[in-house]
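Student: Sharing input-v5.json here; it has JSON, C-alpha atoms.
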```json
[["chain", "number", "residue", "atom", "x", "y", "z"],
["A", 1, "MET", "CA", 0.00, 0.00, 0.00],
["A", 2, "MET", "CA", 2.77, 2.41, 0.98],
["A", 3, "ILE", "CA", 4.72, 1.55, -2.15],
["A", 4, "SER", "CA", 1.67, 2.31, -4.31],
["A", 5, "LEU", "CA", 1.18, 5.67, -2.59],
["A", 6, "GLY", "CA", 4.83, 6.46, -3.06],
["A", 7, "ILE", "CA", 4.71, 5.66, -6.74],
["A", 8, "ALA", "CA", 1.56, 7.75, -7.15],
["A", 9, "GLY", "CA", 3.15, 10.68, -5.33],
["A", 10, "ALA", "CA", 6.31, 10.45, -7.40],
["A", 11, "SER", "CA", 4.25, 10.31, -10.59],
["A", 12, "MET", "CA", 2.33, 13.43, -9.58],
["A", 13, "LEU", "CA", 5.58, 15.25, -8.83],
["A", 14, "VAL", "CA", 7.06, 14.29, -12.19],
["A", 15, "MET", "CA", 3.88, 15.41, -13.98],
["A", 16, "ALA", "CA", 3.91, 18.72, -12.12],
["A", 17, "ILE", "CA", 7.51, 19.35, -13.16],
["A", 18, "ILE", "CA", 6.72, 18.46, -16.77],
["A", 19, "PHE", "CA", 3.65, 20.73, -16.87],
["A", 20, "SER", "CA", 5.60, 23.58, -15.27],
["A", 21, "TYR", "CA", 8.26, 23.24, -17.94],
["A", 22, "VAL", "CA", 5.66, 23.10, -20.72],
["A", 23, "LEU", "CA", 3.83, 26.18, -19.39],
["A", 24, "GLY", "CA", 7.09, 28.08, -19.00],
["A", 25, "TRP", "CA", 8.13, 27.19, -22.54],
["A", 26, "ALA", "CA", 4.70, 28.17, -23.93],
["A", 27, "ASN", "CA", 4.79, 31.48, -22.08],
["A", 28, "LYS", "CA", 8.13, 32.38, -23.69],
["A", 29, "LYS", "CA", 7.20, 30.93, -27.09],
["A", 30, "PHE", "CA", 3.90, 32.76, -27.47],
["A", 31, "MET", "CA", 4.61, 35.90, -25.43],
["A", 32, "VAL", "CA", 3.64, 39.03, -27.35],
["A", 33, "GLU", "CA", 6.30, 41.70, -27.18],
["A", 34, "VAL", "CA", 4.89, 45.06, -26.12],
["A", 35, "GLU", "CA", 6.41, 48.18, -27.64],
["A", 36, "PRO", "CA", 8.25, 49.97, -24.78],
["A", 37, "LYS", "CA", 6.69, 53.30, -25.75],
["A", 38, "ILE", "CA", 3.20, 51.81, -25.47],
["A", 39, "GLU", "CA", 3.98, 50.66, -21.94],
["A", 40, "ALA", "CA", 5.40, 54.07, -21.05],
["A", 41, "VAL", "CA", 2.35, 55.90, -22.43],
["A", 42, "ARG", "CA", -0.03, 53.47, -20.73],
["A", 43, "ASP", "CA", 1.77, 54.07, -17.42],
["A", 44, "ALA", "CA", 1.45, 57.83, -17.91],
["A", 45, "LEU", "CA", -2.32, 57.55, -18.39],
["A", 46, "PRO", "CA", -4.51, 57.55, -15.25],
["A", 47, "GLY", "CA", -6.03, 54.10, -15.83],
["A", 48, "ALA", "CA", -9.60, 55.34, -15.44],
["A", 49, "ASN", "CA", -10.73, 53.54, -18.62],
["A", 50, "CYS", "CA", -13.61, 56.03, -18.87],
["A", 51, "GLY", "CA", -13.73, 56.14, -22.67],
["A", 52, "GLY", "CA", -13.61, 59.93, -22.80],
["A", 53, "CYS", "CA", -10.75, 59.80, -25.31],
["A", 54, "GLY", "CA", -12.92, 57.82, -27.72],
["A", 55, "TYR", "CA", -11.23, 54.49, -27.03],
["A", 56, "ILE", "CA", -12.45, 51.58, -24.91],
["A", 57, "GLY", "CA", -9.74, 52.07, -22.32],
["A", 58, "CYS", "CA", -6.33, 53.55, -21.55],
["A", 59, "SER", "CA", -4.45, 50.62, -23.11],
["A", 60, "ASP", "CA", -6.22, 51.06, -26.45],
["A", 61, "TYR", "CA", -5.56, 54.79, -26.39],
["A", 62, "ALA", "CA", -1.87, 54.17, -25.63],
["A", 63, "VAL", "CA", -1.61, 51.87, -28.65],
["A", 64, "ALA", "CA", -3.32, 54.46, -30.85],
["A", 65, "ILE", "CA", -0.93, 57.20, -29.72],
["A", 66, "VAL", "CA", 2.16, 55.13, -30.53],
["A", 67, "ALA", "CA", 0.95, 53.20, -33.59],
["A", 68, "ASP", "CA", -1.42, 55.69, -35.22],
["A", 69, "ASN", "CA", -0.04, 59.07, -34.09],
["A", 70, "GLU", "CA", -3.25, 59.86, -32.24],
["A", 71, "PRO", "CA", -3.11, 63.27, -30.46],
["A", 72, "VAL", "CA", -1.66, 63.05, -26.95],
["A", 73, "ASN", "CA", -4.17, 65.46, -25.39],
["A", 74, "LYS", "CA", -7.38, 63.43, -25.46],
["A", 75, "CYS", "CA", -7.32, 62.22, -21.86],
["A", 76, "THR", "CA", -9.83, 64.38, -20.01],
["A", 77, "VAL", "CA", -9.14, 62.69, -16.66],
["A", 78, "GLY", "CA", -5.37, 63.20, -16.74],
["A", 79, "GLY", "CA", -5.64, 66.71, -18.13],
["A", 80, "GLU", "CA", -2.73, 68.90, -19.15],
["A", 81, "ALA", "CA", -0.14, 67.24, -16.88],
["A", 82, "CYS", "CA", -0.89, 63.83, -18.41],
["A", 83, "ALA", "CA", -0.76, 65.24, -21.95],
["A", 84, "LYS", "CA", 2.64, 66.83, -21.29],
["A", 85, "ALA", "CA", 4.04, 63.59, -19.87],
["A", 86, "ILE", "CA", 2.91, 61.64, -22.93],
["A", 87, "ALA", "CA", 4.17, 64.36, -25.27],
["A", 88, "ASP", "CA", 7.62, 64.03, -23.67],
["A", 89, "ILE", "CA", 7.54, 60.26, -24.23],
["A", 90, "MET", "CA", 6.52, 60.68, -27.86],
["A", 91, "GLY", "CA", 8.73, 63.69, -28.56],
["A", 92, "VAL", "CA", 5.82, 65.81, -29.82],
["A", 93, "GLU", "CA", 4.02, 69.03, -28.89],
["A", 94, "VAL", "CA", 0.95, 68.84, -26.65],
["A", 95, "GLY", "CA", -1.11, 71.06, -28.94],
["A", 96, "ASP", "CA", -4.16, 73.13, -28.07],
["A", 97, "MET", "CA", -5.90, 71.51, -25.10],
["A", 98, "VAL", "CA", -9.41, 72.73, -24.43],
["A", 99, "PRO", "CA", -11.17, 71.47, -21.28],
["A", 100, "LEU", "CA", -14.15, 69.25, -22.08],
["A", 101, "HIS", "CA", -17.36, 69.28, -20.05],
["A", 102, "ALA", "CA", -20.89, 67.98, -20.36],
["A", 103, "ILE", "CA", -23.74, 70.25, -21.41],
["A", 104, "VAL", "CA", -27.38, 69.40, -20.76],
["A", 105, "ASN", "CA", -29.29, 70.86, -23.68],
["A", 106, "CYS", "CA", -32.47, 71.37, -21.70],
["A", 107, "ASN", "CA", -33.44, 73.94, -19.09],
["A", 108, "ALA", "CA", -36.94, 72.86, -18.14],
["A", 109, "PRO", "CA", -37.57, 72.07, -14.48],
["A", 110, "LEU", "CA", -40.78, 70.21, -13.70],
["A", 111, "SER", "CA", -42.74, 73.45, -13.34],
["A", 112, "SER", "CA", -41.94, 74.46, -16.94],
["A", 113, "ARG", "CA", -42.90, 71.17, -18.58],
["A", 114, "LEU", "CA", -46.40, 71.03, -19.95],
["A", 115, "GLY", "CA", -48.57, 68.02, -20.75],
["A", 116, "ARG", "CA", -47.05, 65.83, -18.06],
["A", 117, "THR", "CA", -48.81, 62.65, -16.94],
["A", 118, "GLN", "CA", -48.08, 60.45, -13.96],
["A", 119, "TYR", "CA", -45.54, 57.80, -14.81],
["A", 120, "MET", "CA", -45.76, 54.61, -12.70],
["A", 121, "GLY", "CA", -43.15, 52.47, -14.46],
["A", 122, "GLU", "CA", -39.50, 51.81, -13.64],
["A", 123, "GLN", "CA", -37.93, 55.07, -12.56],
["A", 124, "ARG", "CA", -35.33, 55.12, -15.30],
["A", 125, "CYS", "CA", -35.08, 57.41, -18.32],
["A", 126, "ALA", "CA", -34.55, 54.46, -20.66],
["A", 127, "SER", "CA", -37.85, 52.94, -19.48],
["A", 128, "ALA", "CA", -39.84, 56.19, -19.47],
["A", 129, "GLN", "CA", -38.63, 56.91, -23.00],
["A", 130, "GLN", "CA", -40.63, 53.89, -24.19],
["A", 131, "VAL", "CA", -43.90, 55.29, -22.82],
["A", 132, "ALA", "CA", -45.87, 57.79, -24.91],
["A", 133, "GLY", "CA", -47.25, 60.87, -23.21],
["A", 134, "VAL", "CA", -44.95, 61.05, -20.19],
["A", 135, "GLN", "CA", -44.56, 64.73, -21.03],
["A", 136, "ALA", "CA", -45.51, 66.85, -24.01],
["A", 137, "CYS", "CA", -41.90, 67.59, -24.95],
["A", 138, "THR", "CA", -40.44, 64.52, -26.60],
["A", 139, "PHE", "CA", -36.99, 66.12, -26.73],
["A", 140, "GLY", "CA", -36.39, 67.30, -23.16],
["A", 141, "CYS", "CA", -34.88, 65.80, -20.02],
["A", 142, "LEU", "CA", -36.93, 63.03, -18.43],
["A", 143, "GLY", "CA", -35.25, 63.50, -15.07],
["A", 144, "TYR", "CA", -34.98, 59.93, -13.77],
["A", 145, "GLY", "CA", -31.20, 60.02, -13.46],
["A", 146, "ASP", "CA", -29.70, 57.48, -15.86],
["A", 147, "CYS", "CA", -26.92, 60.03, -16.36],
["A", 148, "VAL", "CA", -26.37, 60.26, -12.61],
["A", 149, "LEU", "CA", -25.93, 56.49, -12.32],
["A", 150, "ALA", "CA", -23.48, 56.48, -15.25],
["A", 151, "CYS", "CA", -21.21, 59.21, -13.86],
["A", 152, "ASN", "CA", -18.26, 57.97, -11.81],
["A", 153, "TYR", "CA", -17.30, 61.47, -10.69],
["A", 154, "ASP", "CA", -20.49, 62.62, -8.94],
["A", 155, "ALA", "CA", -20.61, 65.44, -11.48],
["A", 156, "ILE", "CA", -24.28, 65.38, -12.50],
["A", 157, "HIS", "CA", -27.41, 65.46, -10.36],
["A", 158, "ILE", "CA", -31.17, 65.73, -10.77],
["A", 159, "LEU", "CA", -32.59, 68.94, -9.32],
["A", 160, "ASP", "CA", -36.31, 69.63, -9.71],
["A", 161, "GLY", "CA", -36.52, 66.88, -12.31],
["A", 162, "LEU", "CA", -33.69, 68.27, -14.44],
["A", 163, "ALA", "CA", -30.12, 66.99, -14.91],
["A", 164, "ARG", "CA", -27.58, 69.62, -13.89],
["A", 165, "VAL", "CA", -23.80, 69.46, -14.20],
["A", 166, "ASP", "CA", -21.33, 70.25, -11.41],
["A", 167, "TYR", "CA", -18.55, 71.82, -13.46],
["A", 168, "LYS", "CA", -16.04, 71.59, -10.62],
["A", 169, "LYS", "CA", -16.23, 67.81, -10.90],
["A", 170, "CYS", "CA", -17.08, 67.12, -14.56],
["A", 171, "ILE", "CA", -14.08, 65.87, -16.57],
["A", 172, "GLY", "CA", -15.93, 65.37, -19.87],
["A", 173, "CYS", "CA", -15.64, 61.58, -19.96],
["A", 174, "GLY", "CA", -18.90, 61.21, -21.92],
["A", 175, "ALA", "CA", -20.51, 58.50, -19.77],
["A", 176, "CYS", "CA", -23.61, 60.66, -19.27],
["A", 177, "THR", "CA", -24.01, 61.25, -23.01],
["A", 178, "LYS", "CA", -24.11, 57.50, -23.62],
["A", 179, "ALA", "CA", -26.63, 56.96, -20.81],
["A", 180, "CYS", "CA", -29.15, 59.60, -21.95],
["A", 181, "PRO", "CA", -31.80, 57.94, -24.15],
["A", 182, "ARG", "CA", -32.82, 61.29, -25.63],
["A", 183, "GLY", "CA", -29.30, 62.37, -26.56],
["A", 184, "ILE", "CA", -29.66, 65.80, -24.98],
["A", 185, "ILE", "CA", -26.27, 65.73, -23.21],
["A", 186, "SER", "CA", -23.21, 66.61, -25.26],
["A", 187, "ILE", "CA", -19.51, 66.99, -24.52],
["A", 188, "GLU", "CA", -18.18, 70.36, -25.62],
["A", 189, "GLY", "CA", -14.91, 72.28, -25.44],
["A", 190, "PHE", "CA", -14.91, 75.13, -22.94],
["A", 191, "ARG", "CA", -12.54, 77.77, -24.31],
["A", 192, "GLU", "CA", -13.60, 80.02, -21.43],
["A", 193, "ASP", "CA", -14.69, 79.17, -17.88],
["A", 194, "THR", "CA", -18.30, 79.77, -18.87],
["A", 195, "ILE", "CA", -19.84, 79.55, -22.33],
["A", 196, "PRO", "CA", -23.26, 80.51, -23.76],
["A", 197, "VAL", "CA", -25.56, 77.53, -24.33],
["A", 198, "VAL", "CA", -28.94, 77.16, -26.00],
["A", 199, "ALA", "CA", -30.44, 74.94, -23.31],
["A", 200, "CYS", "CA", -33.11, 73.33, -25.45],
["A", 201, "SER", "CA", -33.32, 70.42, -27.87],
["A", 202, "ASN", "CA", -36.87, 70.91, -29.19],
["A", 203, "LYS", "CA", -36.94, 70.96, -32.99],
["A", 204, "ASP", "CA", -40.70, 71.47, -33.31],
["A", 205, "LYS", "CA", -42.15, 74.63, -34.80],
["A", 206, "ALA", "CA", -42.67, 77.54, -32.40],
["A", 207, "LYS", "CA", -46.37, 76.88, -31.64],
["A", 208, "ASP", "CA", -45.80, 73.20, -30.81],
["A", 209, "ALA", "CA", -42.60, 73.89, -28.87],
["A", 210, "LYS", "CA", -44.35, 76.48, -26.69],
["A", 211, "ALA", "CA", -47.27, 74.11, -26.12],
["A", 212, "ALA", "CA", -44.83, 71.56, -24.71],
["A", 213, "CYS", "CA", -42.56, 73.76, -22.57],
["A", 214, "ASP", "CA", -42.45, 77.31, -21.25],
["A", 215, "ASN", "CA", -38.66, 77.42, -21.73],
["A", 216, "ALA", "CA", -38.51, 76.06, -25.28],
["A", 217, "CYS", "CA", -36.50, 77.66, -28.07],
["A", 218, "VAL", "CA", -38.97, 78.97, -30.67],
["A", 219, "GLY", "CA", -36.46, 79.57, -33.46],
["A", 220, "CYS", "CA", -37.29, 83.27, -33.56],
["A", 221, "LYS", "CA", -33.76, 84.25, -34.71],
["A", 222, "ALA", "CA", -33.48, 87.03, -32.11],
["A", 223, "CYS", "CA", -30.19, 85.55, -30.88],
["A", 224, "ALA", "CA", -28.82, 85.15, -34.40],
["A", 225, "LYS", "CA", -29.57, 88.81, -35.12],
["A", 226, "ALA", "CA", -27.74, 89.84, -31.96],
["A", 227, "SER", "CA", -24.65, 87.67, -32.50],
["A", 228, "ASP", "CA", -23.09, 85.59, -35.25],
["A", 229, "LEU", "CA", -22.33, 82.95, -32.60],
["A", 230, "PHE", "CA", -25.87, 81.67, -33.06],
["A", 231, "THR", "CA", -27.47, 79.99, -36.05],
["A", 232, "ILE", "CA", -30.94, 78.51, -36.52],
["A", 233, "SER", "CA", -31.45, 75.03, -37.95],
["A", 234, "ASN", "CA", -34.57, 72.83, -37.76],
["A", 235, "ASN", "CA", -36.37, 75.50, -35.70],
["A", 236, "LEU", "CA", -33.64, 75.36, -33.04],
["A", 237, "SER", "CA", -30.83, 77.79, -32.20],
["A", 238, "LYS", "CA", -27.27, 76.52, -31.80],
["A", 239, "CYS", "CA", -24.20, 78.26, -30.43],
["A", 240, "SER", "CA", -20.80, 77.86, -32.10],
["A", 241, "TYR", "CA", -18.61, 77.01, -29.10],
["A", 242, "ASP", "CA", -15.42, 76.96, -31.18],
["A", 243, "ASN", "CA", -15.94, 80.61, -32.10],
["A", 244, "TYR", "CA", -16.73, 81.82, -28.59],
["A", 245, "SER", "CA", -14.10, 83.82, -26.70],
["A", 246, "ALA", "CA", -14.00, 86.44, -23.97],
["A", 247, "GLN", "CA", -14.15, 89.10, -26.71],
["A", 248, "LYS", "CA", -17.54, 87.74, -27.71],
["A", 249, "HIS", "CA", -18.98, 87.87, -24.19],
["A", 250, "GLU", "CA", -20.93, 91.13, -24.55],
["A", 251, "GLU", "CA", -22.37, 89.89, -27.82],
["A", 252, "ALA", "CA", -23.48, 86.62, -26.21],
["A", 253, "VAL", "CA", -25.02, 88.44, -23.25],
["A", 254, "ASN", "CA", -26.98, 90.63, -25.68],
["A", 255, "ALA", "CA", -28.28, 87.53, -27.45],
["A", 256, "MET", "CA", -29.24, 85.97, -24.12],
["A", 257, "GLU", "CA", -31.20, 89.07, -23.15],
["A", 258, "LYS", "CA", -32.99, 89.10, -26.50],
["A", 259, "CYS", "CA", -34.21, 85.49, -26.11],
["A", 260, "PRO", "CA", -37.97, 85.64, -25.37],
["A", 261, "THR", "CA", -38.08, 82.31, -23.54],
["A", 262, "GLY", "CA", -34.83, 82.57, -21.58],
["A", 263, "CYS", "CA", -33.37, 79.39, -23.02],
["A", 264, "ILE", "CA", -29.88, 80.84, -23.54],
["A", 265, "LEU", "CA", -27.73, 80.42, -20.44],
["A", 266, "PHE", "CA", -24.08, 80.65, -19.47],
["A", 267, "MET", "CA", -22.84, 77.30, -18.24],
["A", 268, "GLY", "CA", -19.56, 76.44, -16.55],
["A", 269, "THR", "CA", -17.67, 77.57, -13.47],
["A", 270, "PRO", "CA", -17.49, 81.36, -13.07],
["A", 271, "VAL", "CA", -14.15, 82.77, -11.93],
["A", 272, "LYS", "CA", -14.55, 84.39, -8.51]]
```
Taking this structure as input, can you express it in the form of structure tokens?
Tutor:
Amino acid sequence: MMISLGIAGASMLVMAIIFSYVLGWANKKFMVEVEPKIEAVRDALPGANCGGCGYIGCSDYAVAIVADNEPVNKCTVGGEACAKAIADIMGVEVGDMVPLHAIVNCNAPLSSRLGRTQYMGEQRCASAQQVAGVQACTFGCLGYGDCVLACNYDAIHILDGLARVDYKKCIGCGACTKACPRGIISIEGFREDTIPVVACSNKDKAKDAKAACDNACVGCKACAKASDLFTISNNLSKCSYDNYSAQKHEEAVNAMEKCPTGCILFMGTPVK
């Protein structure tokens, strides 16, 4: 009996040694060499894997920087310091880096929304979106907080039924834009601390837009007449963020004051 156990034990030991050798050989044989620069860039990135750069994660972005000459300044989490570190690794210039933040293109609290009916379903925007007649405006914020759940930075909250961004925390990762079933949240470049925003997404004609919301853009062109920052398309005003600068501030304020429904706002973090 003891001899049999000894033989069995010895056999197991021999097999373990053989398998260890085989696994070690396979690891060396099939190991994929990683470009040193890719490793260096990946280490310089914050590892948040938020997708704000447009790639699935930091590793994919690192590969794109090294292999495809992707710009080094796309990491919104790492910011300028991260971009400079990667630029040093790659031997390139950082380039123009504009802070990215989320914008909610709606400014209608519950009191401003017309034609609302009681919704008894799952308290999620994605679910409410499937139900007709939840509110008259089929473009505006539903207010059940799918964007809040998606944000890992506590940068967006629901106040009075409306999603609002905390610009001290928002890093422009884009998670909220993917979570919103109505597509009313966008990620935009903030060339100044605050920028003028048309906080509405309603593309209906003026009469229908006003019947759905007190704060709706009616496409009246008053803003466009006051400033070339604004253009009207599909009954909805749009601000050109790329063309906004501090020199255009007075112009934008004039356009905001001309808006009959008050749907033009300055969003961002004011400098105190």
Student: How would you write as a count of residues only the residues that get within 10 Å of (-40.1, 81.1, -32.4) in the file's frame, counting all atoms listed in the file?
Tutor: 20
Student: Do you have, as a tab-separated table, the list of residues of segment 23-91 of chain A lying at most 7 Å from segment 171-181 of chain A, each with its nearest atom pair and that distance in Å to one decimal, counting only C-alpha atoms and ordered by chain then number?
Tutor:
```
residue	atom	partner	partner_atom	distance
A:Cys50	CA	A:Cys173	CA	6.0
A:Gly51	CA	A:Cys173	CA	6.4
A:Gly52	CA	A:Cys173	CA	3.9
A:Thr76	CA	A:Ile171	CA	5.7
A:Val77	CA	A:Ile171	CA	5.9
```
Student: Restricting the calculation to all atoms listed in the file, which member of A:Ala102, A:Ala67, A:Met256, A:Ile156 is positioned closest to Val198 of chain A?
Tutor: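 Ranking A:Ala102, A:Ala67, A:Met256, A:Ile156 by distance to Val198 of chain A, first place goes to A:Met256.
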Student: What's the separation between atom CA of Asp146 of chain A and atom CA of Ile232 of chain A, in Å to one decimal place?
Tutor: 29.5 Å
Student: Residues near Asp242 of chain A, anyone? I mean within 9 Å using only C-alpha atoms, not counting same-chain ones fewer than 3 positions away, as a list in words.
Tutor: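 Answer for this query is Gly189, Phe190, Arg191, Cys239 and Ser245 of chain A.
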Student: Point out the residue among A:Pro99, A:Gly183, A:Pro71, A:Gly133 with the least atom-to-atom distance to Leu114 of chain A, counting only C-alpha atoms.
Tutor: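 Going through A:Pro99, A:Gly183, A:Pro71, A:Gly133 one by one, the smallest distance to Leu114 of chain A is for A:Gly133.
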Student: Have a look at atom CA of Asn254 of chain A and atom CA of Ile103 of chain A and let me know their distance in Å, one decimal.
Tutor: 21.1 Å
Student: Report, in Å with one decimal, the straight-line distance from atom CA of Asp154 of chain A to atom CA of Cys263 of chain A.
Tutor: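 Straight-line distance from atom CA of Asp154 of chain A to atom CA of Cys263 of chain A works out to 25.4 Å.
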Student: So that I can see what lies close to Lys248 of chain A, please list as a list in words the residues with an atom at most 10 Å from it, counting all atoms listed in the file and leaving out residues fewer than 6 positions away in the same chain.
Tutor: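 Listing them by chain and then by number gives Ser227, Asp228 and Leu229 of chain A.
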